[in-house]
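*Asks:* Please find data06.txt (compact mmCIF, C-alpha atoms and all ligand atoms) on the next line:
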# COMPACT_ATOMS: atom_id res chain seq x y z
CA MET A 1 26.30 47.96 2.95
CA LYS A 2 27.83 46.82 -0.35
CA ILE A 3 26.90 43.29 -1.39
CA LEU A 4 28.40 41.30 -4.24
CA GLY A 5 25.67 39.09 -5.75
CA ILE A 6 26.47 35.95 -7.75
CA GLU A 7 23.91 34.23 -10.00
CA SER A 8 24.63 31.04 -11.97
CA SER A 9 21.48 28.94 -11.66
CA CYS A 10 20.84 28.47 -15.39
CA ASP A 11 22.59 29.87 -18.46
CA GLU A 12 23.72 33.30 -17.30
CA THR A 13 26.88 33.88 -15.29
CA ALA A 14 26.03 37.16 -13.61
CA VAL A 15 27.65 39.22 -10.89
CA ALA A 16 26.74 42.66 -9.57
CA VAL A 17 27.52 44.97 -6.69
CA VAL A 18 24.52 46.66 -5.03
CA GLU A 19 24.58 49.10 -2.12
CA ASP A 20 21.87 48.92 0.58
CA GLY A 21 19.57 46.86 -1.65
CA ARG A 22 18.81 49.89 -3.80
CA LYS A 23 21.85 51.33 -5.58
CA LEU A 24 23.38 49.48 -8.50
CA LEU A 25 27.15 49.92 -8.70
CA SER A 26 27.84 47.33 -11.39
CA ASN A 27 26.00 44.63 -13.32
CA VAL A 28 27.87 42.12 -15.46
CA ILE A 29 25.95 39.38 -17.25
CA GLN A 30 27.65 36.75 -19.37
CA THR A 31 24.90 34.99 -21.28
CA GLN A 32 25.33 31.58 -22.89
CA ILE A 33 22.41 32.05 -25.27
CA ASP A 34 24.66 31.78 -28.36
CA ILE A 35 25.99 28.45 -27.15
CA HIS A 36 22.64 26.85 -26.28
CA SER A 37 20.63 28.23 -29.19
CA GLN A 38 22.23 25.71 -31.53
CA TYR A 39 20.65 22.95 -29.41
CA GLY A 40 17.28 24.70 -29.05
CA GLY A 41 17.53 24.84 -25.26
CA VAL A 42 19.90 24.84 -22.30
CA VAL A 43 22.22 21.81 -22.13
CA PRO A 44 22.99 21.43 -18.40
CA GLU A 45 26.53 20.00 -18.72
CA VAL A 46 27.57 22.63 -21.23
CA ALA A 47 26.07 25.35 -19.03
CA ALA A 48 28.07 24.22 -16.00
CA ARG A 49 31.34 24.08 -17.92
CA SER A 50 30.67 27.48 -19.40
CA HIS A 51 30.07 28.97 -15.93
CA ILE A 52 33.44 27.59 -14.79
CA GLU A 53 35.20 29.31 -17.68
CA VAL A 54 33.86 32.77 -16.97
CA ILE A 55 32.94 32.99 -13.28
CA ASN A 56 36.25 34.54 -12.14
CA PRO A 57 36.51 37.15 -14.91
CA VAL A 58 32.86 38.10 -14.42
CA ILE A 59 33.38 38.59 -10.66
CA ASN A 60 36.50 40.66 -11.27
CA GLN A 61 34.79 42.82 -13.84
CA ALA A 62 31.83 43.46 -11.50
CA LEU A 63 34.28 44.63 -8.82
CA ARG A 64 36.17 46.82 -11.29
CA ASP A 65 33.02 48.40 -12.70
CA ALA A 66 31.85 49.19 -9.17
CA ASP A 67 35.20 50.80 -8.38
CA CYS A 68 35.55 48.34 -5.52
CA THR A 69 38.23 46.11 -4.09
CA TRP A 70 37.36 43.27 -1.73
CA ASP A 71 37.94 45.68 1.18
CA ASP A 72 34.89 47.65 0.05
CA ILE A 73 32.59 44.62 -0.10
CA ASP A 74 30.62 43.91 3.09
CA ALA A 75 29.03 40.58 2.15
CA ILE A 76 28.48 38.02 -0.59
CA ALA A 77 25.03 36.80 -1.68
CA VAL A 78 24.67 33.79 -3.95
CA THR A 79 21.86 31.82 -5.58
CA TYR A 80 21.71 28.38 -3.92
CA ALA A 81 18.25 27.32 -5.18
CA PRO A 82 16.49 26.45 -7.43
CA GLY A 83 18.26 25.72 -10.71
CA LEU A 84 20.48 23.30 -12.59
CA ILE A 85 22.66 21.47 -10.08
CA GLY A 86 25.95 21.83 -11.98
CA SER A 87 25.33 25.50 -12.66
CA LEU A 88 24.39 26.24 -9.04
CA LEU A 89 27.51 24.45 -7.83
CA VAL A 90 29.82 26.75 -9.79
CA GLY A 91 28.36 29.95 -8.33
CA THR A 92 28.10 28.66 -4.78
CA LEU A 93 31.63 27.22 -4.81
CA ALA A 94 33.00 30.54 -6.00
CA ALA A 95 30.99 32.39 -3.33
CA ARG A 96 32.00 30.01 -0.54
CA THR A 97 35.67 30.21 -1.47
CA LEU A 98 35.66 34.00 -1.73
CA ALA A 99 33.77 34.32 1.58
CA LEU A 100 36.50 32.24 3.24
CA ILE A 101 39.46 33.96 1.60
CA HIS A 102 38.18 37.49 2.19
CA ASN A 103 36.37 36.73 5.44
CA LYS A 104 32.96 38.02 4.30
CA PRO A 105 29.49 37.03 5.55
CA LEU A 106 27.73 34.74 3.06
CA TYR A 107 23.96 34.82 2.37
CA PRO A 108 22.11 32.05 0.49
CA ILE A 109 19.50 33.44 -1.88
CA HIS A 110 16.45 31.83 -3.50
CA HIS A 111 16.50 32.69 -7.20
CA VAL A 112 12.75 33.15 -7.70
CA GLU A 113 12.38 35.29 -4.59
CA ALA A 114 15.30 37.39 -5.85
CA HIS A 115 13.56 38.14 -9.17
CA VAL A 116 11.05 40.22 -7.19
CA TYR A 117 13.89 42.28 -5.69
CA ALA A 118 15.02 43.58 -9.07
CA ASN A 119 12.17 46.05 -8.45
CA PHE A 120 13.89 47.45 -5.35
CA ILE A 121 16.85 48.77 -7.34
CA ILE A 122 16.09 52.45 -7.92
CA GLU A 123 19.49 54.14 -8.08
CA LYS A 124 22.69 53.56 -10.00
CA MET A 125 26.23 54.83 -9.91
CA GLU A 126 25.99 57.71 -12.34
CA SER A 127 29.70 58.15 -12.82
CA GLN A 128 30.14 54.60 -14.07
CA PRO A 129 30.91 54.50 -17.75
CA ASN A 130 29.17 51.79 -19.70
CA ASN A 131 31.53 48.86 -19.44
CA LEU A 132 30.59 48.15 -23.01
CA LEU A 133 30.74 50.75 -25.70
CA PRO A 134 27.65 50.62 -27.95
CA SER A 135 29.83 49.24 -30.72
CA GLU A 136 30.93 46.37 -28.48
CA ARG A 137 27.47 45.21 -27.42
CA GLY A 138 26.80 41.68 -28.52
CA LYS A 139 30.45 40.83 -28.89
CA THR A 140 32.23 38.32 -26.73
CA ILE A 141 34.30 40.24 -24.26
CA ILE A 142 34.83 37.76 -21.51
CA GLY A 143 36.09 34.21 -21.67
CA ALA A 144 35.43 33.16 -25.24
CA GLY A 145 36.19 29.73 -23.91
CA GLU A 146 37.77 26.68 -25.38
CA HIS A 147 34.72 26.01 -27.56
CA GLY A 148 35.59 29.22 -29.34
CA LYS A 149 31.90 30.06 -29.42
CA GLY A 150 31.87 31.81 -26.12
CA GLY A 151 28.96 33.69 -24.78
CA ARG A 152 28.02 37.30 -24.83
CA ALA A 153 28.56 39.76 -22.08
CA ILE A 154 26.06 42.48 -21.47
CA GLY A 155 26.51 45.14 -18.90
CA GLY A 156 26.73 48.83 -18.35
CA LEU A 157 24.45 51.07 -16.40
CA ARG A 158 24.18 54.11 -18.57
CA ASP A 159 21.09 52.98 -20.49
CA LEU A 160 19.23 51.57 -17.49
CA VAL A 161 16.01 53.37 -16.64
CA LEU A 162 15.13 52.53 -13.05
CA PRO A 163 11.88 52.94 -11.09
CA SER A 164 11.69 56.19 -9.10
CA SER A 165 10.78 54.57 -5.77
CA GLN A 166 10.84 51.17 -4.08
CA PRO A 167 7.63 49.10 -3.94
CA GLN A 168 5.45 49.43 -0.83
CA PHE A 169 3.91 46.65 1.23
CA PRO A 170 1.55 44.93 0.91
CA MET A 171 3.02 44.16 -2.49
CA LEU A 172 1.49 41.88 -5.09
CA ALA A 173 4.15 40.14 -7.19
CA LEU A 174 3.48 38.39 -10.48
CA ILE A 175 6.50 36.14 -10.95
CA VAL A 176 6.77 34.86 -14.51
CA SER A 177 9.91 33.12 -15.74
CA GLY A 178 11.08 30.07 -17.63
CA GLY A 179 10.51 27.90 -14.57
CA HIS A 180 7.84 29.73 -12.58
CA SER A 181 4.46 31.40 -12.84
CA GLN A 182 3.08 32.53 -9.54
CA LEU A 183 1.17 35.25 -7.76
CA VAL A 184 2.61 36.12 -4.38
CA LEU A 185 1.38 38.57 -1.75
CA PHE A 186 4.20 40.09 0.30
CA GLN A 187 3.30 41.64 3.68
CA ASP A 188 6.95 42.47 4.34
CA HIS A 189 10.44 41.27 3.41
CA GLY A 190 10.46 37.52 3.88
CA ASN A 191 6.83 37.43 4.90
CA TYR A 192 4.66 36.37 2.02
CA GLU A 193 1.91 34.08 0.90
CA LEU A 194 1.63 32.14 -2.35
CA LEU A 195 -1.80 32.95 -3.82
CA GLY A 196 -1.45 30.70 -6.85
CA GLN A 197 0.99 29.03 -9.19
CA THR A 198 1.15 27.06 -12.40
CA GLN A 199 -0.17 23.54 -12.34
CA ASP A 200 1.96 22.47 -15.31
CA ASP A 201 4.16 24.58 -17.64
CA ALA A 202 5.56 27.95 -16.59
CA VAL A 203 4.54 30.77 -18.90
CA GLY A 204 8.12 31.34 -20.13
CA GLU A 205 8.37 27.62 -20.88
CA ALA A 206 5.15 27.90 -22.92
CA PHE A 207 6.65 30.82 -24.88
CA ASP A 208 9.76 28.70 -25.53
CA LYS A 209 7.77 25.63 -26.64
CA VAL A 210 5.42 27.64 -28.87
CA ALA A 211 8.45 29.26 -30.53
CA LYS A 212 9.69 25.77 -31.41
CA ILE A 213 6.31 24.73 -32.84
CA ILE A 214 6.11 27.75 -35.15
CA GLY A 215 9.83 27.78 -35.98
CA LEU A 216 11.18 30.79 -34.08
CA PRO A 217 14.65 30.77 -32.50
CA TYR A 218 15.54 30.08 -28.87
CA PRO A 219 14.94 31.70 -26.43
CA GLY A 220 11.30 31.71 -27.42
CA GLY A 221 10.00 34.60 -25.31
CA PRO A 222 11.77 37.44 -27.08
CA SER A 223 11.35 35.89 -30.55
CA VAL A 224 7.61 35.26 -30.08
CA ALA A 225 7.22 38.83 -28.76
CA LYS A 226 9.06 40.19 -31.80
CA ALA A 227 7.04 38.15 -34.32
CA ALA A 228 3.83 39.12 -32.50
CA LEU A 229 4.47 42.79 -33.29
CA ALA A 230 3.76 42.00 -36.94
CA GLY A 231 0.84 39.62 -36.30
CA ASP A 232 -2.90 39.77 -35.61
CA PRO A 233 -3.53 38.87 -31.94
CA HIS A 234 -7.18 37.95 -32.68
CA LYS A 235 -6.58 35.77 -35.73
CA TYR A 236 -6.67 32.46 -33.86
CA LYS A 237 -8.96 31.89 -30.88
CA LEU A 238 -7.10 30.00 -28.17
CA PRO A 239 -8.52 28.76 -24.85
CA LYS A 240 -7.86 30.02 -21.31
CA ALA A 241 -7.71 27.33 -18.62
CA LYS A 242 -10.35 27.33 -15.88
CA LEU A 243 -8.99 26.21 -12.50
CA THR A 244 -10.44 25.66 -9.03
CA ASN A 245 -8.10 28.21 -7.40
CA PRO A 246 -8.68 31.41 -9.41
CA TYR A 247 -5.04 32.43 -8.88
CA ASP A 248 -3.55 29.22 -10.26
CA PHE A 249 -2.24 29.05 -13.81
CA SER A 250 -2.08 26.33 -16.45
CA PHE A 251 -0.30 26.88 -19.76
CA SER A 252 0.08 23.34 -21.05
CA GLY A 253 -3.44 23.28 -22.56
CA LEU A 254 -2.82 26.59 -24.32
CA LYS A 255 0.38 25.23 -25.84
CA THR A 256 -1.40 22.08 -27.06
CA ALA A 257 -4.29 24.15 -28.45
CA LEU A 258 -1.77 26.18 -30.41
CA LEU A 259 -0.14 23.02 -31.75
CA ARG A 260 -3.55 21.71 -32.90
CA ALA A 261 -4.37 25.06 -34.52
CA VAL A 262 -1.07 25.03 -36.44
CA GLN A 263 -1.67 21.43 -37.55
CA HIS A 264 -5.19 22.35 -38.66
CA GLU A 265 -4.10 25.53 -40.43
CA THR A 266 -1.51 23.59 -42.42
CA GLY A 267 -4.04 20.95 -43.42
CA ASN A 268 -2.79 18.20 -41.13
CA ASP A 269 -4.30 16.21 -38.27
CA TYR A 270 -3.05 15.77 -34.70
CA THR A 271 -0.67 12.96 -35.67
CA PHE A 272 1.46 15.27 -37.81
CA PRO A 273 4.90 15.70 -36.16
CA SER A 274 5.41 19.17 -34.68
CA HIS A 275 9.01 19.45 -35.88
CA ASP A 276 7.82 19.38 -39.50
CA LEU A 277 5.34 22.22 -39.00
CA PRO A 278 7.59 25.34 -39.19
CA ALA A 279 8.46 24.65 -42.84
CA LEU A 280 4.77 24.70 -43.76
CA LEU A 281 4.00 28.10 -42.22
CA SER A 282 4.16 31.41 -44.08
CA ASP A 283 5.60 34.41 -42.25
CA VAL A 284 2.12 35.91 -41.98
CA GLN A 285 0.78 32.74 -40.34
CA ARG A 286 3.81 32.53 -38.04
CA ASN A 287 3.34 36.12 -36.89
CA ASP A 288 -0.41 35.63 -36.38
CA PHE A 289 0.19 32.50 -34.29
CA ALA A 290 2.83 34.29 -32.22
CA ALA A 291 0.50 37.26 -31.66
CA SER A 292 -2.53 35.10 -30.83
CA PHE A 293 -0.57 32.98 -28.37
CA GLN A 294 0.99 36.00 -26.70
CA GLN A 295 -2.41 37.70 -26.45
CA THR A 296 -3.99 34.71 -24.67
CA ALA A 297 -1.01 34.08 -22.37
CA VAL A 298 -0.70 37.74 -21.39
CA GLU A 299 -4.45 38.17 -20.92
CA THR A 300 -4.48 35.13 -18.61
CA LEU A 301 -1.71 36.63 -16.47
CA VAL A 302 -3.39 40.02 -16.34
CA ASP A 303 -6.86 38.55 -15.55
CA LYS A 304 -5.43 36.86 -12.46
CA ALA A 305 -3.33 39.82 -11.38
CA GLU A 306 -6.39 42.05 -11.70
CA LYS A 307 -8.50 39.68 -9.59
CA ALA A 308 -5.80 39.53 -6.90
CA PHE A 309 -5.53 43.31 -6.97
CA LYS A 310 -9.29 43.67 -6.39
CA ASP A 311 -9.30 41.02 -3.65
CA TYR A 312 -6.25 42.19 -1.68
CA SER A 313 -5.83 45.91 -2.48
CA PRO A 314 -2.02 45.88 -2.41
CA ALA A 315 -0.13 49.17 -2.12
CA SER A 316 2.06 48.18 -5.06
CA VAL A 317 2.23 45.63 -7.86
CA VAL A 318 5.48 44.32 -9.33
CA ILE A 319 6.24 41.86 -12.09
CA ALA A 320 9.37 39.75 -11.99
CA GLY A 321 11.24 37.09 -13.98
CA GLY A 322 12.20 36.85 -17.63
CA VAL A 323 8.65 37.14 -18.99
CA ALA A 324 8.35 40.48 -17.15
CA ALA A 325 10.48 41.80 -20.02
CA ASN A 326 7.43 41.30 -22.27
CA GLN A 327 6.16 44.68 -23.47
CA GLU A 328 2.63 43.50 -24.15
CA LEU A 329 2.33 42.19 -20.58
CA ARG A 330 3.48 45.57 -19.28
CA ARG A 331 1.07 47.42 -21.53
CA GLN A 332 -2.00 45.34 -20.63
CA LEU A 333 -1.21 45.36 -16.92
CA GLN A 334 -0.90 49.13 -16.94
CA GLU A 335 -4.15 49.39 -18.86
CA ARG A 336 -6.15 47.20 -16.50
CA LEU A 337 -4.79 48.06 -13.05
CA PRO A 338 -5.73 51.39 -11.47
CA LEU A 339 -2.26 52.25 -10.21
CA ASN A 340 0.94 53.40 -11.80
CA ILE A 341 3.29 50.46 -12.16
CA GLU A 342 7.00 51.14 -12.42
CA TYR A 343 8.85 48.37 -14.19
CA ALA A 344 12.40 47.18 -13.68
CA PRO A 345 14.54 47.51 -16.83
CA MET A 346 14.79 44.44 -19.09
CA GLN A 347 18.38 43.69 -18.02
CA LEU A 348 17.16 43.27 -14.45
CA CYS A 349 14.10 41.15 -15.38
CA THR A 350 16.03 38.26 -16.91
CA ASP A 351 18.64 36.52 -14.74
CA ASN A 352 21.19 38.86 -13.16
CA GLY A 353 23.40 39.24 -10.09
CA ALA A 354 21.88 42.59 -9.05
CA MET A 355 18.62 41.01 -7.88
CA ILE A 356 20.64 38.51 -5.80
CA ALA A 357 22.65 41.30 -4.18
CA ALA A 358 19.50 43.40 -3.60
CA LEU A 359 17.67 40.60 -1.81
CA GLY A 360 20.92 39.76 0.03
CA TYR A 361 20.74 43.16 1.71
CA PHE A 362 17.17 42.76 3.01
CA TYR A 363 17.87 39.17 4.01
CA ALA A 364 20.95 40.27 5.97
CA GLN A 365 18.80 42.70 8.01
CA LYS A 366 16.86 39.77 9.46
CA LYS A 367 18.97 36.64 9.15
CA ASP A 368 22.43 35.42 10.09
CA PRO A 369 24.93 34.49 7.40
CA VAL A 370 25.65 30.81 6.70
CA SER A 371 28.99 29.13 7.14
CA PRO A 372 30.88 28.85 3.84
CA PHE A 373 31.64 25.26 4.86
CA ASP A 374 27.97 24.33 5.12
CA LEU A 375 26.20 26.00 2.19
CA GLU A 376 24.71 23.42 -0.15
CA VAL A 377 22.73 23.84 -3.35
CA VAL A 378 19.06 22.82 -3.58
CA PRO A 379 18.17 22.32 -7.26
CA SER A 380 14.45 22.13 -6.56
CA LEU A 381 13.01 24.27 -3.77
CA SER A 382 9.66 25.99 -3.59
CA MET A 383 9.88 29.68 -2.79
CA THR A 384 7.50 29.38 0.16
CA LYS A 385 9.91 27.01 1.89
CA THR A 386 12.32 29.91 2.35
CA ALA A 387 9.92 32.46 3.90
CA TRP A 388 12.34 33.94 6.40
CA ALA A 389 10.47 36.33 8.65
O1 LIG A 401 13.96 34.60 -15.37
P1 LIG A 401 14.61 34.02 -16.58
O2 LIG A 401 15.70 34.79 -17.25
O3 LIG A 401 15.18 32.60 -16.26
C1 LIG A 401 14.48 31.75 -15.40
O4 LIG A 401 14.68 31.87 -14.17
O5 LIG A 401 13.65 30.97 -15.93
O6 LIG A 401 13.42 33.74 -17.59
C2 LIG A 401 13.66 33.17 -18.85
C3 LIG A 401 12.32 33.05 -19.57
C4 LIG A 401 12.43 32.27 -20.85
O7 LIG A 401 11.38 31.32 -20.89
C5 LIG A 401 12.26 33.35 -21.91
O8 LIG A 401 11.69 32.85 -23.10
C6 LIG A 401 11.35 34.32 -21.21
O9 LIG A 401 11.82 34.35 -19.89
N1 LIG A 401 11.39 35.68 -21.79
C7 LIG A 401 10.33 36.30 -22.36
C8 LIG A 401 10.80 37.54 -22.84
N2 LIG A 401 12.12 37.65 -22.54
C9 LIG A 401 12.48 36.50 -21.89
N3 LIG A 401 9.06 35.89 -22.50
C10 LIG A 401 8.20 36.72 -23.13
N4 LIG A 401 8.56 37.91 -23.65
C11 LIG A 401 9.83 38.37 -23.52
N5 LIG A 401 10.17 39.56 -24.04
ZN ZN A 402 15.31 33.53 -13.43
Go ahead and express the file in the form of structure tokens.
*Replies:*
Amino acid sequence: MKILGIESSCDETAVAVVEDGRKLLSNVIQTQIDIHSQYGGVVPEVAARSHIEVINPVINQALRDADCTWDDIDAIAVTYAPGLIGSLLVGTLAARTLALIHNKPLYPIHHVEAHVYANFIIEKMESQPNNLLPSERGKTIIGAGEHGKGGRAIGGLRDLVLPSSQPQFPMLALIVSGGHSQLVLFQDHGNYELLGQTQDDAVGEAFDKVAKIIGLPYPGGPSVAKAALAGDPHKYKLPKAKLTNPYDFSFSGLKTALLRAVQHETGNDYTFPSHDLPALLSDVQRNDFAASFQQTAVETLVDKAEKAFKDYSPASVVIAGGVAANQELRRQLQERLPLNIEYAPMQLCTDNGAMIAALGYFYAQKKDPVSPFDLEVVPSLSMTKTAWA
């Protein structure tokens, strides 16, 4: 069963074709990072307009890369929740229209749940040439747009290193993104229990905010991780939150502690405005703060994953969401858990259409499609509300 997956919940317009929830046939991601970085974060109205500009070319390229016409596609899966309302509307409208025109079943997919399913993609179409030559990576190839700034398209399967087998149930999932931090225990597809979640900031959000405080570019996760490589992770001692539910997270206190440490290090008190701090930091200090923050955040995630592993003895552990791209998280998790963890490639950890198409397949085994006339977006929807067994 070949499913075309459409993702547009935030600042990536992404479409992929996946066969049987496991084989990647194409993966096109048009990121708007270049557009939003000048504002230091995603501007919802700009994101929605940008999706409109590129959604059709991205869909067409995903079909072309997969060597498919609409006749080859068995169903469409689309993110309907959660996310920015304007962004979600663009993807779902495209999906609803295409489902009607081409008479395809339509499956509504929860974005956070889908992140976990990036780990189920273990094969790729080998014959597919990279749709981007190495020399073209990072250039605008689709829909430069009327702003002339465009976005960047990333795609191509040649460099993707995929896990060798699909995760087994029970499966412990650590979901860590810009909007979510949660530990979830899956007994089966659509049958899962939320063990714990963040009580305030998501961990990716904390990475993004800390990057701002120490003067690193948006998006904060990758730039903090890069600076941390050159820093001392034990230079600044930062606190870990203690919570009643041992699986819950809290990252807001860590972020504030880092702000206070930067103010203190630069000889200021807590009233000193954070936006004036980056100019006062040396590169050495910046790197040490990045490394110390990353160390504490990652250790917190791994502490809780390790506890859940001991308590529930899952057959497999997966990490999902943008922060799962973090190398230090992968390293520490592997070091502390007594099983071999296979990680999804970076391109499938941050937002993509492949994870939507992969989950679409498993969802379609158990659930009926929705009517293209009825599908509505839900900007804010807890993952547990969709448990579909
Ligand atoms: O899953 P995602 O692409 O979008 C959401 O659904 O939120 O996650 C984006 C988040 C951002 O907060 C970004 O800073 C973070 O993932 N991120 C990282 C890394 N790459 C992306 N955080 C830490 N280390 C990274 N290498
Ligand atoms: Zn995401």
*Asks:* Using only C-alpha atoms, I'd like a table of the residues in segment 362-386 of chain A that come within 8 Å of segment 72-96 of chain A; for each, show the closest atom pair and its distance in Å rounded to one decimal, ordered by chain and ascending number, as JSON lines.
*Replies:*
{"residue": "A:Pro372", "atom": "CA", "partner": "A:Arg96", "partner_atom": "CA", "distance": 4.7}
{"residue": "A:Phe373", "atom": "CA", "partner": "A:Arg96", "partner_atom": "CA", "distance": 7.2}
{"residue": "A:Leu375", "atom": "CA", "partner": "A:Arg96", "partner_atom": "CA", "distance": 7.6}
{"residue": "A:Glu376", "atom": "CA", "partner": "A:Tyr80", "partner_atom": "CA", "distance": 6.9}
{"residue": "A:Val377", "atom": "CA", "partner": "A:Tyr80", "partner_atom": "CA", "distance": 4.7}
{"residue": "A:Val378", "atom": "CA", "partner": "A:Ala81", "partner_atom": "CA", "distance": 4.8}
{"residue": "A:Pro379", "atom": "CA", "partner": "A:Pro82", "partner_atom": "CA", "distance": 4.5}
{"residue": "A:Ser380", "atom": "CA", "partner": "A:Pro82", "partner_atom": "CA", "distance": 4.9}
{"residue": "A:Leu381", "atom": "CA", "partner": "A:Pro82", "partner_atom": "CA", "distance": 5.5}
{"residue": "A:Ser382", "atom": "CA", "partner": "A:Pro82", "partner_atom": "CA", "distance": 7.8}
*Asks:* With all atoms listed in the file counted and 6 Å as the cut-off, give the residues of chain A in contact with ligand LIG 401 (chain A), each with its shortest interatomic distance in Å and the pair that gives it, as CSV.
*Replies:*
residue,atom,partner,partner_atom,distance
A:Ser177,CA,A:LIG401,O6,4.0
A:Gly178,CA,A:LIG401,O5,3.2
A:Gly179,CA,A:LIG401,O5,4.6
A:Gly204,CA,A:LIG401,O7,3.3
A:Glu205,CA,A:LIG401,O7,4.8
A:Phe207,CA,A:LIG401,O8,5.7
A:Asp208,CA,A:LIG401,O8,5.2
A:Pro219,CA,A:LIG401,O8,4.8
A:Gly220,CA,A:LIG401,O8,4.5
A:Gly221,CA,A:LIG401,N3,3.2
A:Pro222,CA,A:LIG401,N5,4.0
A:Ala225,CA,A:LIG401,N4,5.4
A:Gly321,CA,A:LIG401,O1,3.9
A:Gly322,CA,A:LIG401,O6,3.3
A:Val323,CA,A:LIG401,N3,3.7
A:Ala325,CA,A:LIG401,N5,4.6
A:Asn326,CA,A:LIG401,N5,3.7
A:Thr350,CA,A:LIG401,O2,3.5
A:Asp351,CA,A:LIG401,O2,4.2
*Asks:* Take the selection from the previous step and output its residues with C-alpha atoms, as a tab-separated table (two decimals), in the frame of the given file.
*Replies:*
chain	number	residue	atom	x	y	z
A	177	SER	CA	9.91	33.12	-15.74
A	178	GLY	CA	11.08	30.07	-17.63
A	179	GLY	CA	10.51	27.90	-14.57
A	204	GLY	CA	8.12	31.34	-20.13
A	205	GLU	CA	8.37	27.62	-20.88
A	207	PHE	CA	6.65	30.82	-24.88
A	208	ASP	CA	9.76	28.70	-25.53
A	219	PRO	CA	14.94	31.70	-26.43
A	220	GLY	CA	11.30	31.71	-27.42
A	221	GLY	CA	10.00	34.60	-25.31
A	222	PRO	CA	11.77	37.44	-27.08
A	225	ALA	CA	7.22	38.83	-28.76
A	321	GLY	CA	11.24	37.09	-13.98
A	322	GLY	CA	12.20	36.85	-17.63
A	323	VAL	CA	8.65	37.14	-18.99
A	325	ALA	CA	10.48	41.80	-20.02
A	326	ASN	CA	7.43	41.30	-22.27
A	350	THR	CA	16.03	38.26	-16.91
A	351	ASP	CA	18.64	36.52	-14.74
*Asks:* Tell me, as a compact mmCIF listing (two decimals) with C-alpha atoms, keeping the file's coordinate frame, which residues lie within 8 Å of Thr266 of chain A, counting only C-alpha atoms; anything in the same chain fewer than 5 positions away does not count.
*Replies:*
# COMPACT_ATOMS: atom_id res chain seq x y z
CA LEU A 277 5.34 22.22 -39.00
CA LEU A 280 4.77 24.70 -43.76
CA LEU A 281 4.00 28.10 -42.22
*Asks:* From the list A:Ser181, A:Ser50, A:Ser282, A:Thr244, which residue is nearest ligand ZN 402 (chain A) when using all atoms listed in the file?
*Replies:*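 The closest residue to ligand ZN 402 (chain A) is A:Ser181.
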*Asks:* Between A:Ile109, A:Ile29, A:Ala344, A:Leu183, which one has atoms that come closest to Phe309 of chain A, using only C-alpha atoms?
*Replies:*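 Counting only C-alpha atoms, the residue closest to Phe309 of chain A is A:Leu183.
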*Asks:* Choose the residue, out of A:Lys242, A:Thr300, A:Val116, A:Leu258, that has the smallest atom-to-atom separation from Leu185 of chain A; count all atoms listed in the file.
*Replies:*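 Of all the options, A:Val116 lies closest to Leu185 of chain A.
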*Asks:* I need the residue nearest Ala48 of chain A from this list: A:Ala358, A:Cys349, A:Cys10, A:Met1. Use all atoms listed in the file for the distance.
*Replies:* A:Cys10
*Asks:* Name the residues within 10 Å of (1.3, 43.6, -21.4), counting all atoms listed in the file in the file's coordinates, and put them as a PyMOL selection string.
*Replies:* chain A and resi 294-295+297-299+301-302+324-336
*Asks:* Let me make sure I understand: among A:Leu216, A:Val17, A:Met171, A:Ala308, which one has the smallest atom-to-atom distance to Leu195 of chain A if we use only C-alpha atoms?
*Replies:*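 Result for the nearest residue to Leu195 of chain A: A:Ala308.
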*Asks:* Have a look at atom CA of Gln263 of chain A and atom CA of Ser37 of chain A and let me know their distance in Å, one decimal.
*Replies:* 24.8 Å
*Asks:* Expressed in Å to a single decimal, how great is the separation between atom CA of Lys209 of chain A and atom CA of Leu194 of chain A?
*Replies:* 25.9 Å
*Asks:* Record the distance separating atom CA of Gln38 of chain A and atom CA of Pro345 of chain A, expressed in Å with one decimal.
*Replies:*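 So the answer is 27.4 Å.
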*Asks:* Please export segment 304-311 of chain A as a PDB file, in the first residue's frame, restricted to N, CA and C atoms.
*Replies:*
ATOM      1  N   LYS A 304      15.203   9.878  32.951  1.00  0.00           N
ATOM      2  CA  LYS A 304      13.795   9.456  32.985  1.00  0.00           C
ATOM      3  C   LYS A 304      13.560   8.270  32.055  1.00  0.00           C
ATOM      4  N   ALA A 305      14.227   8.284  30.919  1.00  0.00           N
ATOM      5  CA  ALA A 305      14.093   7.150  29.997  1.00  0.00           C
ATOM      6  C   ALA A 305      14.659   5.889  30.650  1.00  0.00           C
ATOM      7  N   GLU A 306      15.756   6.046  31.376  1.00  0.00           N
ATOM      8  CA  GLU A 306      16.378   4.892  32.033  1.00  0.00           C
ATOM      9  C   GLU A 306      15.458   4.338  33.119  1.00  0.00           C
ATOM     10  N   LYS A 307      14.837   5.239  33.881  1.00  0.00           N
ATOM     11  CA  LYS A 307      13.916   4.789  34.931  1.00  0.00           C
ATOM     12  C   LYS A 307      12.736   4.032  34.307  1.00  0.00           C
ATOM     13  N   ALA A 308      12.176   4.597  33.228  1.00  0.00           N
ATOM     14  CA  ALA A 308      11.042   3.939  32.570  1.00  0.00           C
ATOM     15  C   ALA A 308      11.471   2.585  31.996  1.00  0.00           C
ATOM     16  N   PHE A 309      12.673   2.520  31.505  1.00  0.00           N
ATOM     17  CA  PHE A 309      13.172   1.249  30.959  1.00  0.00           C
ATOM     18  C   PHE A 309      13.225   0.187  32.055  1.00  0.00           C
ATOM     19  N   LYS A 310      13.757   0.587  33.222  1.00  0.00           N
ATOM     20  CA  LYS A 310      13.864  -0.358  34.346  1.00  0.00           C
ATOM     21  C   LYS A 310      12.481  -0.773  34.829  1.00  0.00           C
ATOM     22  N   ASP A 311      11.548   0.195  34.874  1.00  0.00           N
ATOM     23  CA  ASP A 311      10.217  -0.091  35.426  1.00  0.00           C
ATOM     24  C   ASP A 311       9.347  -0.913  34.479  1.00  0.00           C
TER      25      ASP A 311
END
